[in-house]
file data.txt (compact mmCIF, C-alpha atoms)
# COMPACT_ATOMS: atom_id res chain seq x y z
CA MET I 1 -48.70 -14.25 -60.62
CA GLN I 2 -51.81 -15.91 -62.10
CA LEU I 3 -52.37 -17.96 -58.97
CA LEU I 4 -52.19 -14.80 -56.88
CA ASN I 5 -54.72 -13.08 -59.10
CA ALA I 6 -57.01 -16.08 -58.92
CA GLU I 7 -56.88 -16.06 -55.14
CA GLU I 8 -57.55 -12.35 -55.08
CA ASN I 9 -60.57 -12.82 -57.40
CA ALA I 10 -61.86 -15.69 -55.29
CA ALA I 11 -61.64 -13.55 -52.19
CA ASP I 12 -63.84 -10.97 -53.87
CA ARG I 13 -66.46 -13.45 -55.19
CA PRO I 14 -69.76 -13.63 -53.33
CA GLY I 15 -70.54 -16.98 -51.71
CA PRO I 16 -73.75 -18.81 -51.37
CA GLN I 17 -76.75 -16.69 -50.45
CA GLY I 18 -74.71 -13.51 -51.01
CA LEU I 19 -72.11 -14.25 -48.38
CA SER I 20 -68.63 -13.08 -49.22
CA ILE I 21 -65.75 -15.51 -48.91
CA THR I 22 -62.44 -14.27 -47.37
CA LEU I 23 -59.33 -16.39 -47.72
CA CYS I 24 -56.93 -16.18 -44.73
CA PRO I 25 -53.22 -16.87 -45.06
CA GLN I 26 -52.10 -20.11 -43.51
CA GLU I 27 -50.72 -19.60 -40.00
CA THR I 28 -47.42 -21.13 -38.99
CA GLN I 29 -47.74 -23.36 -36.00
CA THR I 30 -44.97 -24.55 -33.72
CA HIS I 31 -44.97 -28.21 -32.92
CA PRO I 32 -45.36 -28.73 -29.15
CA ALA I 33 -42.29 -30.97 -29.07
CA ALA I 34 -40.13 -28.13 -30.35
CA LEU I 35 -40.64 -26.25 -27.10
CA PHE I 36 -38.69 -28.94 -25.24
CA LEU I 37 -35.75 -29.18 -27.60
CA PRO I 38 -32.42 -28.21 -25.96
CA ARG I 39 -31.15 -24.79 -26.92
CA PRO I 40 -27.44 -24.10 -27.54
CA LEU I 41 -25.70 -22.67 -24.45
CA LEU I 42 -23.26 -19.75 -24.56
CA LYS I 43 -19.74 -20.78 -23.73
CA PRO I 44 -18.24 -19.09 -20.66
CA PRO I 45 -15.33 -16.73 -21.37
CA ARG I 46 -11.87 -18.21 -21.09
CA PRO I 47 -9.96 -17.48 -17.86
CA GLU I 48 -7.28 -15.54 -19.70
CA MET I 49 -9.95 -13.35 -21.28
CA VAL I 50 -11.48 -12.62 -17.87
CA THR I 51 -8.03 -11.75 -16.51
CA MET I 52 -7.37 -9.39 -19.40
CA LEU I 53 -10.71 -7.62 -18.97
CA LEU I 54 -10.13 -7.19 -15.25
CA LEU I 55 -6.64 -5.87 -15.97
CA LEU I 56 -7.94 -3.33 -18.46
CA ALA I 57 -10.69 -2.22 -16.09
CA THR I 58 -8.17 -1.81 -13.27
CA LEU I 59 -5.80 0.19 -15.43
CA ALA I 60 -8.63 2.40 -16.65
CA SER I 61 -9.72 3.17 -13.10
CA LEU I 62 -6.15 3.87 -12.02
CA PHE I 63 -5.46 6.22 -14.91
CA THR I 64 -8.73 8.04 -14.22
CA ALA I 65 -8.08 8.38 -10.50
CA ALA I 66 -4.47 9.43 -11.00
CA LYS I 67 -5.00 11.92 -13.79
CA GLY I 68 -2.00 14.19 -14.21
CA GLN I 69 0.42 11.89 -12.47
CA SER I 70 3.51 10.38 -14.06
CA PHE I 71 2.90 6.83 -15.32
CA HIS I 72 5.68 4.83 -16.96
CA LEU I 73 6.23 1.33 -18.23
CA GLY I 74 8.21 -1.10 -16.12
CA LYS I 75 9.08 -1.31 -12.47
CA CYS I 76 10.11 1.57 -10.21
CA PRO I 77 13.65 2.89 -10.51
CA SER I 78 15.95 2.62 -7.52
CA PRO I 79 17.90 5.87 -7.22
CA PRO I 80 20.62 6.24 -4.57
CA VAL I 81 19.58 8.01 -1.38
CA GLN I 82 21.26 10.49 0.95
CA GLU I 83 24.35 8.98 2.56
CA ASN I 84 24.70 9.04 6.35
CA PHE I 85 21.19 10.37 6.70
CA ASP I 86 20.47 11.89 10.12
CA VAL I 87 16.73 11.86 10.73
CA LYS I 88 16.99 14.17 13.76
CA LYS I 89 18.47 16.92 11.60
CA TYR I 90 15.66 16.40 9.12
CA LEU I 91 12.87 17.08 11.63
CA GLY I 92 10.90 20.32 11.54
CA ARG I 93 9.00 22.28 8.93
CA TRP I 94 9.53 21.98 5.18
CA TYR I 95 7.85 23.99 2.42
CA GLU I 96 6.90 22.36 -0.87
CA ILE I 97 8.72 24.14 -3.72
CA GLU I 98 8.02 21.88 -6.71
CA LYS I 99 6.48 18.44 -7.22
CA ILE I 100 5.32 15.83 -9.67
CA PRO I 101 1.52 16.27 -9.42
CA ALA I 102 -0.21 13.91 -7.00
CA SER I 103 -3.94 13.20 -7.02
CA PHE I 104 -4.13 13.59 -3.24
CA GLU I 105 -2.80 17.18 -3.33
CA LYS I 106 -5.36 19.72 -4.51
CA GLY I 107 -4.24 23.03 -3.00
CA ASN I 108 -1.34 25.43 -2.56
CA CYS I 109 0.85 26.59 0.33
CA ASN I 110 1.76 22.94 0.98
CA GLN I 111 3.87 22.33 4.08
CA ALA I 112 5.11 19.29 5.97
CA ASN I 113 6.18 19.09 9.58
CA TYR I 114 8.13 16.14 10.99
CA SER I 115 8.55 15.42 14.69
CA GLN I 116 9.84 12.57 16.82
CA MET I 117 7.29 10.23 18.42
CA GLU I 118 7.67 8.39 21.74
CA ASN I 119 7.94 5.07 19.91
CA GLY I 120 10.89 6.33 17.89
CA ASN I 121 8.94 6.80 14.66
CA ILE I 122 8.36 10.10 12.88
CA LYS I 123 5.07 11.97 13.02
CA VAL I 124 4.17 13.46 9.63
CA LEU I 125 1.77 16.40 9.37
CA ASN I 126 0.94 17.59 5.85
CA GLN I 127 -1.11 20.74 5.32
CA GLU I 128 -2.36 22.68 2.33
CA LEU I 129 -4.67 25.57 1.55
CA ARG I 130 -7.62 24.56 -0.59
CA PRO I 131 -9.10 26.80 -3.32
CA ASP I 132 -12.11 27.55 -1.07
CA GLY I 133 -9.82 28.96 1.64
CA THR I 134 -10.07 26.03 4.05
CA VAL I 135 -7.05 24.19 5.41
CA ASN I 136 -6.72 20.50 4.60
CA GLN I 137 -4.37 18.42 6.72
CA VAL I 138 -3.50 14.76 7.08
CA GLU I 139 -1.40 13.10 9.76
CA GLY I 140 0.74 10.03 9.24
CA GLU I 141 3.62 8.05 10.67
CA ALA I 142 6.98 7.35 9.05
CA THR I 143 9.28 4.48 9.96
CA GLN I 144 12.81 3.45 9.10
CA SER I 145 12.50 -0.22 8.19
CA ASN I 146 16.17 -0.72 7.24
CA LEU I 147 18.66 1.03 9.50
CA SER I 148 21.46 0.29 7.03
CA GLU I 149 19.69 2.73 4.67
CA PRO I 150 18.14 5.27 7.06
CA ALA I 151 17.17 7.64 4.23
CA LYS I 152 14.63 5.07 2.99
CA LEU I 153 11.51 5.56 5.07
CA GLY I 154 7.99 4.26 4.74
CA VAL I 155 5.04 6.49 5.54
CA LYS I 156 1.47 5.46 6.34
CA PHE I 157 -1.48 7.84 6.64
CA PHE I 158 -4.32 5.38 7.26
CA GLU I 159 -4.48 2.24 9.36
CA LEU I 160 -5.48 -0.17 6.60
CA MET I 161 -3.27 1.19 3.84
CA PRO I 162 0.25 -0.15 3.23
CA SER I 163 3.28 2.04 3.81
CA ALA I 164 4.42 4.12 0.85
CA PRO I 165 8.10 4.69 0.08
CA TYR I 166 9.53 8.01 1.26
CA TRP I 167 13.15 8.24 0.10
CA ILE I 168 15.31 11.27 0.79
CA LEU I 169 17.59 11.45 -2.22
CA ALA I 170 19.42 14.59 -1.14
CA THR I 171 19.36 17.14 1.67
CA ASP I 172 21.63 19.57 3.47
CA TYR I 173 19.10 19.71 6.36
CA GLU I 174 19.22 23.53 6.49
CA ASN I 175 18.04 24.59 3.03
CA TYR I 176 16.75 21.90 0.69
CA ALA I 177 15.56 18.31 0.45
CA LEU I 178 14.65 16.05 -2.46
CA VAL I 179 12.09 13.32 -1.73
CA TYR I 180 11.13 10.50 -4.08
CA SER I 181 8.38 7.89 -3.95
CA CYS I 182 7.27 5.29 -6.47
CA THR I 183 4.58 2.62 -6.68
CA THR I 184 4.67 -0.35 -9.05
CA ILE I 185 1.28 -1.37 -10.46
CA ILE I 186 0.76 -5.04 -11.34
CA TRP I 187 4.40 -5.36 -12.43
CA LEU I 188 3.70 -3.48 -15.66
CA PHE I 189 3.65 0.21 -14.77
CA HIS I 190 4.97 2.51 -12.10
CA VAL I 191 3.84 5.93 -10.97
CA ASP I 192 6.36 8.51 -9.76
CA TYR I 193 6.10 11.10 -7.00
CA ALA I 194 8.79 13.66 -6.26
CA TRP I 195 8.96 16.72 -4.04
CA ILE I 196 11.52 19.48 -3.82
CA LEU I 197 11.34 20.93 -0.31
CA GLY I 198 12.85 23.99 1.30
CA ARG I 199 13.24 25.29 4.82
CA ASN I 200 11.94 28.57 3.40
CA PRO I 201 9.03 29.10 0.99
CA PHE I 202 11.42 29.77 -1.91
CA LEU I 203 14.66 28.21 -3.17
CA PRO I 204 17.26 29.70 -5.52
CA PRO I 205 16.79 28.54 -9.13
CA GLU I 206 20.24 26.95 -9.19
CA THR I 207 19.31 24.77 -6.20
CA VAL I 208 16.11 23.63 -7.91
CA THR I 209 18.06 22.81 -11.08
CA TYR I 210 20.62 20.85 -9.07
CA LEU I 211 17.90 18.72 -7.47
CA LYS I 212 16.10 18.16 -10.77
CA ASP I 213 19.35 16.96 -12.31
CA ILE I 214 19.50 14.27 -9.63
CA LEU I 215 16.11 13.01 -10.77
CA THR I 216 16.90 13.03 -14.49
CA SER I 217 20.25 11.31 -13.94
CA ASN I 218 18.29 8.42 -12.42
CA ASP I 219 15.80 8.19 -15.31
CA ILE I 220 13.02 9.92 -13.39
CA ASP I 221 10.85 12.05 -15.68
CA ILE I 222 10.48 15.65 -14.48
CA HIS I 223 8.45 17.07 -17.37
CA LYS I 224 5.25 17.14 -15.33
CA MET I 225 6.76 18.89 -12.32
CA THR I 226 4.88 22.00 -11.21
CA THR I 227 5.74 24.90 -8.94
CA THR I 228 3.79 25.17 -5.69
CA ASP I 229 2.38 28.61 -4.94
CA GLN I 230 3.81 29.73 -1.59
CA ALA I 231 2.85 33.41 -1.89
CA ASN I 232 0.55 35.00 0.73
CA CYS I 233 0.19 31.73 2.62
CA PRO I 234 -1.10 31.55 6.22
CA ASP I 235 1.12 30.33 9.01
CA PHE I 236 -0.31 26.85 9.50
CA LEU I 237 2.03 25.53 12.15

call {"tool": "encode", "arguments": {"input": "data.txt", "output": "structure tokens"}}
result
Amino acid sequence: MQLLNAEENAADRPGPQGLSITLCPQETQTHPAALFLPRPLLKPPRPEMVTMLLLLATLASLFTAAKGQSFHLGKCPSPPVQENFDVKKYLGRWYEIEKIPASFEKGNCNQANYSQMENGNIKVLNQELRPDGTVNQVEGEATQSNLSEPAKLGVKFFELMPSAPYWILATDYENYALVYSCTTIIWLFHVDYAWILGRNPFLPPETVTYLKDILTSNDIDIHKMTTTDQANCPDFL
């Protein structure tokens, strides 16, 4: 404290010939050689850490894009399909009655029309009425890859996308159909899709319950299923 006071007093004392003397604090100087000293480098992240971050980012994007859909742990279930399935009887128009929400369906009055193609495959035409009153439609192609299980089809809507499962779990061809699809994501999760279809815009409640029981008996969650509005719909096809 005394040294500080002395320095302060010296700073205020007049110098020779009335000049005042100001003491400046000593500046810290960096030695030129220090500029060339090697600096520590950051270690790159471990490969397993990079993999985990990419996995989390992928899952986050998938959950965001597929909001409202039915995600579950583990691989896809493998429910039994319709026995002795006759694809020719299945052709024609079907109305969507109920479904597990799908991110690619945004409207109401959903319908599907199936017809035979010259190459033997099935033409798929899906249509819906958007909230703004416009009609949205997408055309795809379904194939039977395993003739020993003809009720297991694969459907593709775009050239570069892989085929998605389209399994008919139950149908009487004249009134109702139950369709199931599932996609496994990086061997950890699966996302379910299910549609209850009718030849008419409405099905009896007991028929809907019967088809839902098929899903639950095969460990397929139906809690997110919603009813499709088929009232006052235009005649698309």

call {"tool": "closest_residue", "arguments": {"input": "data.txt", "among": "I:Asp132, I:Lys156, I:Thr143, I:Glu96", "to": "Met117 (chain I)", "atoms": "all atoms listed in the file"}}
result
I:Thr143

call {"tool": "residues_around", "arguments": {"input": "data.txt", "residues": "Ala170 (chain I)", "least_positions_apart": "5", "cutoff": "9 Å", "atoms": "all atoms listed in the file", "output": "tab-separated table (two decimals) with C-alpha atoms, in the frame of the given file"}}
result
chain	number	residue	atom	x	y	z
I	81	VAL	CA	19.58	8.01	-1.38
I	82	GLN	CA	21.26	10.49	0.95
I	83	GLU	CA	24.35	8.98	2.56
I	176	TYR	CA	16.75	21.90	0.69
I	177	ALA	CA	15.56	18.31	0.45
I	178	LEU	CA	14.65	16.05	-2.46
I	179	VAL	CA	12.09	13.32	-1.73
I	211	LEU	CA	17.90	18.72	-7.47
I	214	ILE	CA	19.50	14.27	-9.63

call {"tool": "residues_around", "arguments": {"input": "data.txt", "residues": "Gly198 (chain I)", "least_positions_apart": "2", "cutoff": "6 Å", "atoms": "all atoms listed in the file", "output": "compact mmCIF listing (two decimals) with C-alpha atoms, in the frame of the given file"}}
result
# COMPACT_ATOMS: atom_id res chain seq x y z
CA TRP I 94 9.53 21.98 5.18
CA TYR I 95 7.85 23.99 2.42
CA ASN I 175 18.04 24.59 3.03
CA TYR I 176 16.75 21.90 0.69
CA ASN I 200 11.94 28.57 3.40

call {"tool": "atom_distance", "arguments": {"input": "data.txt", "atom1": "CA of Pro204 (chain I)", "atom2": "CA of Ile220 (chain I)"}}
result
21.7 Å

call {"tool": "residues_around", "arguments": {"input": "data.txt", "residues": "Asn119 (chain I)", "least_positions_apart": "3", "cutoff": "12 Å", "atoms": "only C-alpha atoms", "output": "list in words"}}
result
Ser115, Gln116, Ile122, Lys123, Glu141, Ala142, Thr143 and Gln144 of chain I

call {"tool": "residues_around", "arguments": {"input": "data.txt", "residues": "Ala164 (chain I)", "least_positions_apart": "6", "cutoff": "8 Å", "atoms": "all atoms listed in the file", "output": "list in words"}}
result
Gly154, Val155, Lys156, Ser181, Cys182 and Thr183 of chain I

call {"tool": "write_last_selection", "arguments": {"input": "data.txt", "atoms": "C-alpha atoms", "output": "compact mmCIF listing (two decimals), keeping the file's coordinate frame"}}
result
# COMPACT_ATOMS: atom_id res chain seq x y z
CA GLY I 154 7.99 4.26 4.74
CA VAL I 155 5.04 6.49 5.54
CA LYS I 156 1.47 5.46 6.34
CA SER I 181 8.38 7.89 -3.95
CA CYS I 182 7.27 5.29 -6.47
CA THR I 183 4.58 2.62 -6.68

call {"tool": "atom_distance", "arguments": {"input": "data.txt", "atom1": "CA of His223 (chain I)", "atom2": "CA of Asp192 (chain I)"}}
result
11.6 Å

call {"tool": "closest_residue", "arguments": {"input": "data.txt", "among": "I:Asp229, I:Asp213, I:Asp221, I:Asp172", "to": "Lys89 (chain I)", "atoms": "all atoms listed in the file"}}
result
I:Asp172

call {"tool": "closest_residue", "arguments": {"input": "data.txt", "among": "I:Tyr166, I:Tyr114, I:Tyr193, I:Tyr180", "to": "Ala102 (chain I)", "atoms": "all atoms listed in the file"}}
result
I:Tyr193

call {"tool": "residues_near_point", "arguments": {"input": "data.txt", "point": "(12.5, 24.9, -2.9)", "cutoff": "7 Å", "atoms": "all atoms listed in the file", "output": "short mmCIF file (atom, residue, chain, number, x, y, z; two decimals) with C-alpha atoms, in the coordinates of the input"}}
result
data_model
loop_
_atom_site.label_atom_id
_atom_site.label_comp_id
_atom_site.auth_asym_id
_atom_site.auth_seq_id
_atom_site.Cartn_x
_atom_site.Cartn_y
_atom_site.Cartn_z
CA GLU I 96 6.90 22.36 -0.87
CA ILE I 97 8.72 24.14 -3.72
CA GLU I 98 8.02 21.88 -6.71
CA TYR I 176 16.75 21.90 0.69
CA ILE I 196 11.52 19.48 -3.82
CA LEU I 197 11.34 20.93 -0.31
CA GLY I 198 12.85 23.99 1.30
CA PRO I 201 9.03 29.10 0.99
CA PHE I 202 11.42 29.77 -1.91
CA LEU I 203 14.66 28.21 -3.17
CA VAL I 208 16.11 23.63 -7.91
#

call {"tool": "closest_residue", "arguments": {"input": "data.txt", "among": "I:Val135, I:Leu160, I:Ala112, I:Val87", "to": "Arg199 (chain I)", "atoms": "only C-alpha atoms"}}
result
I:Ala112

call {"tool": "axis_aligned_box", "arguments": {"input": "data.txt", "around": "region 146-154 of chain I", "padding_each_side": "8 Å", "output": "JSON"}}
result
{"center_x": 14.7, "center_y": 3.5, "center_z": 6.2, "size_x": 29.5, "size_y": 24.4, "size_z": 22.5}

call {"tool": "atom_distance", "arguments": {"input": "data.txt", "atom1": "CA of Asn110 (chain I)", "atom2": "CA of Glu128 (chain I)"}}
result
4.3 Å
